[in-house]
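The structure appears right after this line, and notes come after that.
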Amino acid sequence: MTENELALILQEGESYFIEFKEGISSLIARELVAFSNASGGRILIGVDDKGVVKGTDTGNTARSRIQDFANNCQPRVRISLEVFNRLLIVHVPEGKDKPYHCSEGFFIRMGTNAQKMTRDEIADFLQAEGRIRFEEQYHRTFDFSKHYDSQRLEAFLRLAGIRKEFEDAAILENLGVADRIGDTIRMKNAGVLFFSKSIESLCEQATITCGAFEGIERFQIVNRKDYQGDIITNINLGMHFIQQELRVRYSMTGTARRKEIFEIPVDAIREALVNAVSHRDYFQYGSHTTVDIFDDRIEISNPGGLPKGLSEAEFGRKAVRRNQIIASLLQRVNLVENMGTGIGKIRRLLKEAGCAEPKFEFGNFYTITFPRRWAAQKKKTTQKLPRKTTQKLPRNYPETTVAQQRILDYLTDHPMASRKEIAGAVTGITVDGVKYNLKILREKGVLLRIGPDRGGQWQVRKQK
């Protein structure tokens, strides 16, 4: 341990690999078996939960007591002790004889906590441990000089509220995504997903594929994007794609800024997309995390089904993470909750917005389906245009998507624009997507075509 490394750990706080303890107590045994059953880690004794150094007794008696905790675990946990200034640092490697337990039971590291395992979880754990975790394997072809992107690390640190005061290699090591082996830094697959320039040739299966379809069947696609940047950028781009396709209404607030009301709460969809990315099985090559948007629903799917140790009955009530490091890093930037509250949050947000319950499917793939509430209204009634408005454009029309509104904005100032010109001006939509949305707007009577296809022009119908 060095002063710089300690400063970095204290700044980053507790994590999947780091635990703070203010003093020595029997709770240390829980942490020893939890780290041994997971990916290993370090316990800093003499630091409180807020990362403030308090100091502790580092004498022989204190060290013998910690060693006794390790020896009394079954099987015995192998540890090494380090004294640094007034701290005792307990190094716990990943165990080779899992599962480990102490007098209080079996524990495993989940995020920043040691979580006790039930009997069924222990059985599933034994079965799952026969498989090497994808995120912890070193990537065979990753080349730091060619593939590493320091700007992505800097962006991650800003989101996590961590100051960049140390060299990149030290930060990557402390985040648990790289190891220094001799004079070489080896990047793990988890690090590739977060800090490489592109995953296209490195982890292609981590691509997020978004598609918008005409109608309610997977037949005519009108817009498609494949996102292959880092994992956080892909989530943000995927959300941008979805928001372009969502129908939106506007509520007048009495100020110059109107409130957007999406047909499905954006936070609920983001929770589902992050969940899909965090829990997918990255060993399944050739399968992407997918977002499919239909007229009546949105489906978000990821390969792998439910993680081992999580039954359908327990789904939404219990936290089981397939990819601990990935989930830990997403938690640092506030994209993942601590203890499996995501499904409950989705249900709460939908209920508060008056939306239908989501539907879940489990198998080789896990799929969550969001019914589109305004699509049902479209089948029942013909929506009439509001008679009075001060708006220049028909922005208050129900069932008008963000993309359609932007098309209307552009055509108001550029009535002679071609489909290709519209696609170039409106972010996140293809020429086919423009064609599809123009058709919908004409059917609604919001948009008129004056003259022939060549030489004619568009007219945005003003509200009366």
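Naming scheme: A, B, ... for chains in displayed order of the structure tokens; residues 1 onward per chain; ligands 1 onward as shown.
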Residues of region 36-237 of chain A in helix (DSSP H, G or I), written as an MDAnalysis selection string = chainID A and resid 36:37 60:71 119:128 134:136 144:147 150:160 168:175 189:195 204:206 231:237
Determine, counting only C-alpha atoms, which protein, DNA and RNA residues have an atom within 12 Å of an atom of Lys164 (chain A); residues of the same chain fewer than 2 positions away are not included. Present the result as a list in words.
->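 Skipping anything fewer than 2 positions along the chain leaves Asn4, Ala7, Leu8, Gln11, Glu12, Ser150, Gln151, Leu153, Glu154, Ala155, Phe156, Leu157, Arg158, Leu159, Ala160, Gly161, Ile162, Phe166, Glu167, Asp168, Ala169, Ala170, Ile171 and Leu172 of chain A.
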Requested write-out: C-alpha atoms of the selected residues, as a PDB file, in the first residue's frame:
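Output (result34.pdb):
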ATOM      1  CA  ASN A   4      -1.402   7.544  -3.259  1.00  0.00           C
ATOM      2  CA  ALA A   7      -5.957   8.213  -1.086  1.00  0.00           C
ATOM      3  CA  LEU A   8      -7.493   6.749  -4.258  1.00  0.00           C
ATOM      4  CA  GLN A  11     -11.882   8.736  -2.563  1.00  0.00           C
ATOM      5  CA  GLU A  12     -13.613   5.909  -4.462  1.00  0.00           C
ATOM      6  CA  SER A 150      -8.585   7.292 -21.532  1.00  0.00           C
ATOM      7  CA  GLN A 151     -11.403   9.762 -22.245  1.00  0.00           C
ATOM      8  CA  LEU A 153     -12.257   6.522 -18.073  1.00  0.00           C
ATOM      9  CA  GLU A 154     -12.302  10.281 -17.413  1.00  0.00           C
ATOM     10  CA  ALA A 155     -16.012  10.426 -18.268  1.00  0.00           C
ATOM     11  CA  PHE A 156     -16.683   7.490 -15.921  1.00  0.00           C
ATOM     12  CA  LEU A 157     -14.784   9.161 -13.076  1.00  0.00           C
ATOM     13  CA  ARG A 158     -16.760  12.391 -13.550  1.00  0.00           C
ATOM     14  CA  LEU A 159     -20.043  10.477 -13.336  1.00  0.00           C
ATOM     15  CA  ALA A 160     -18.802   8.621 -10.253  1.00  0.00           C
ATOM     16  CA  GLY A 161     -17.585  11.825  -8.593  1.00  0.00           C
ATOM     17  CA  ILE A 162     -13.977  10.620  -8.444  1.00  0.00           C
ATOM     18  CA  PHE A 166      -3.539   9.064 -10.262  1.00  0.00           C
ATOM     19  CA  GLU A 167      -2.314   7.292 -13.360  1.00  0.00           C
ATOM     20  CA  ASP A 168      -4.873   5.348 -15.367  1.00  0.00           C
ATOM     21  CA  ALA A 169      -3.348   1.935 -14.619  1.00  0.00           C
ATOM     22  CA  ALA A 170      -3.688   2.431 -10.847  1.00  0.00           C
ATOM     23  CA  ILE A 171      -7.320   3.525 -11.195  1.00  0.00           C
ATOM     24  CA  LEU A 172      -8.177   0.558 -13.422  1.00  0.00           C
TER      25      LEU A 172
END
Have a look at A:Arg454, A:Arg140, A:Arg109, A:Arg322 and name the one nearest to Ser418 (chain A); count only C-alpha atoms.
->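 For Ser418 (chain A), the nearest of the given residues is A:Arg454.
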When you draw a straight line from CA of Tyr16 (chain A) to CA of Ser328 (chain A), how long is it in Å?
->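 One can read the CA of Tyr16 (chain A) to CA of Ser328 (chain A) distance as 6.1 Å.
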In Å to one decimal, how far is CA of Leu87 (chain A) from CA of Gly111 (chain A)?
->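 Computing the Euclidean distance for CA of Gly111 (chain A) and CA of Leu87 (chain A) yields 23.2 Å.
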Using only C-alpha atoms, which residue out of A:Gly105, A:Gly176, A:Gly451, A:Pro303 lies closest to Asn275 (chain A)?
->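 Once distances to Asn275 (chain A) are computed over only C-alpha atoms, the minimum belongs to A:Pro303.
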Give the answer as one residue: which of A:Glu263, A:Asp292, A:Asp230, A:Glu136 has the shortest atom-to-atom distance to Gly211 (chain A), using only C-alpha atoms?
-> A:Asp292
Smallest atom-to-atom distance to Tyr436 (chain A): which of A:Ser39, A:Asn174, A:Gln220, A:Thr369, using only C-alpha atoms?
-> A:Gln220
Can you work out which one of A:Ala268, A:Ile407, A:Val402, A:Ile24 has the shortest atom-to-atom distance to Thr61 (chain A), counting only C-alpha atoms?
-> A:Ile24
For Asn60 (chain A), work out the shell of residues within 12 Å, counting only C-alpha atoms and skipping chain neighbours fewer than 5 positions away, then give it as a ChimeraX atom specification.
-> /A:65-67,81-83,88
How about saving the chosen residues, N, CA and C atoms kept, as an mmCIF file, in the first residue's frame?
data_model
loop_
_atom_site.group_PDB
_atom_site.id
_atom_site.type_symbol
_atom_site.label_atom_id
_atom_site.label_comp_id
_atom_site.auth_asym_id
_atom_site.auth_seq_id
_atom_site.Cartn_x
_atom_site.Cartn_y
_atom_site.Cartn_z
ATOM 1 N N ARG A 65 -6.081 -11.993 16.268
ATOM 2 C CA ARG A 65 -7.536 -12.143 16.336
ATOM 3 C C ARG A 65 -8.128 -12.275 14.919
ATOM 4 N N ILE A 66 -7.643 -11.464 13.988
ATOM 5 C CA ILE A 66 -8.124 -11.543 12.605
ATOM 6 C C ILE A 66 -7.748 -12.889 11.987
ATOM 7 N N GLN A 67 -6.517 -13.348 12.275
ATOM 8 C CA GLN A 67 -6.091 -14.643 11.748
ATOM 9 C C GLN A 67 -6.953 -15.769 12.305
ATOM 10 N N LEU A 81 -1.932 -10.135 5.897
ATOM 11 C CA LEU A 81 -2.151 -8.901 6.651
ATOM 12 C C LEU A 81 -1.065 -7.893 6.347
ATOM 13 N N GLU A 82 -1.483 -6.638 6.245
ATOM 14 C CA GLU A 82 -0.545 -5.550 5.984
ATOM 15 C C GLU A 82 -0.854 -4.417 6.952
ATOM 16 N N VAL A 83 0.179 -3.871 7.544
ATOM 17 C CA VAL A 83 0.031 -2.706 8.418
ATOM 18 C C VAL A 83 0.517 -1.483 7.660
ATOM 19 N N LEU A 88 -4.977 -1.589 9.530
ATOM 20 C CA LEU A 88 -4.743 -2.990 9.243
ATOM 21 C C LEU A 88 -5.463 -3.312 7.937
#
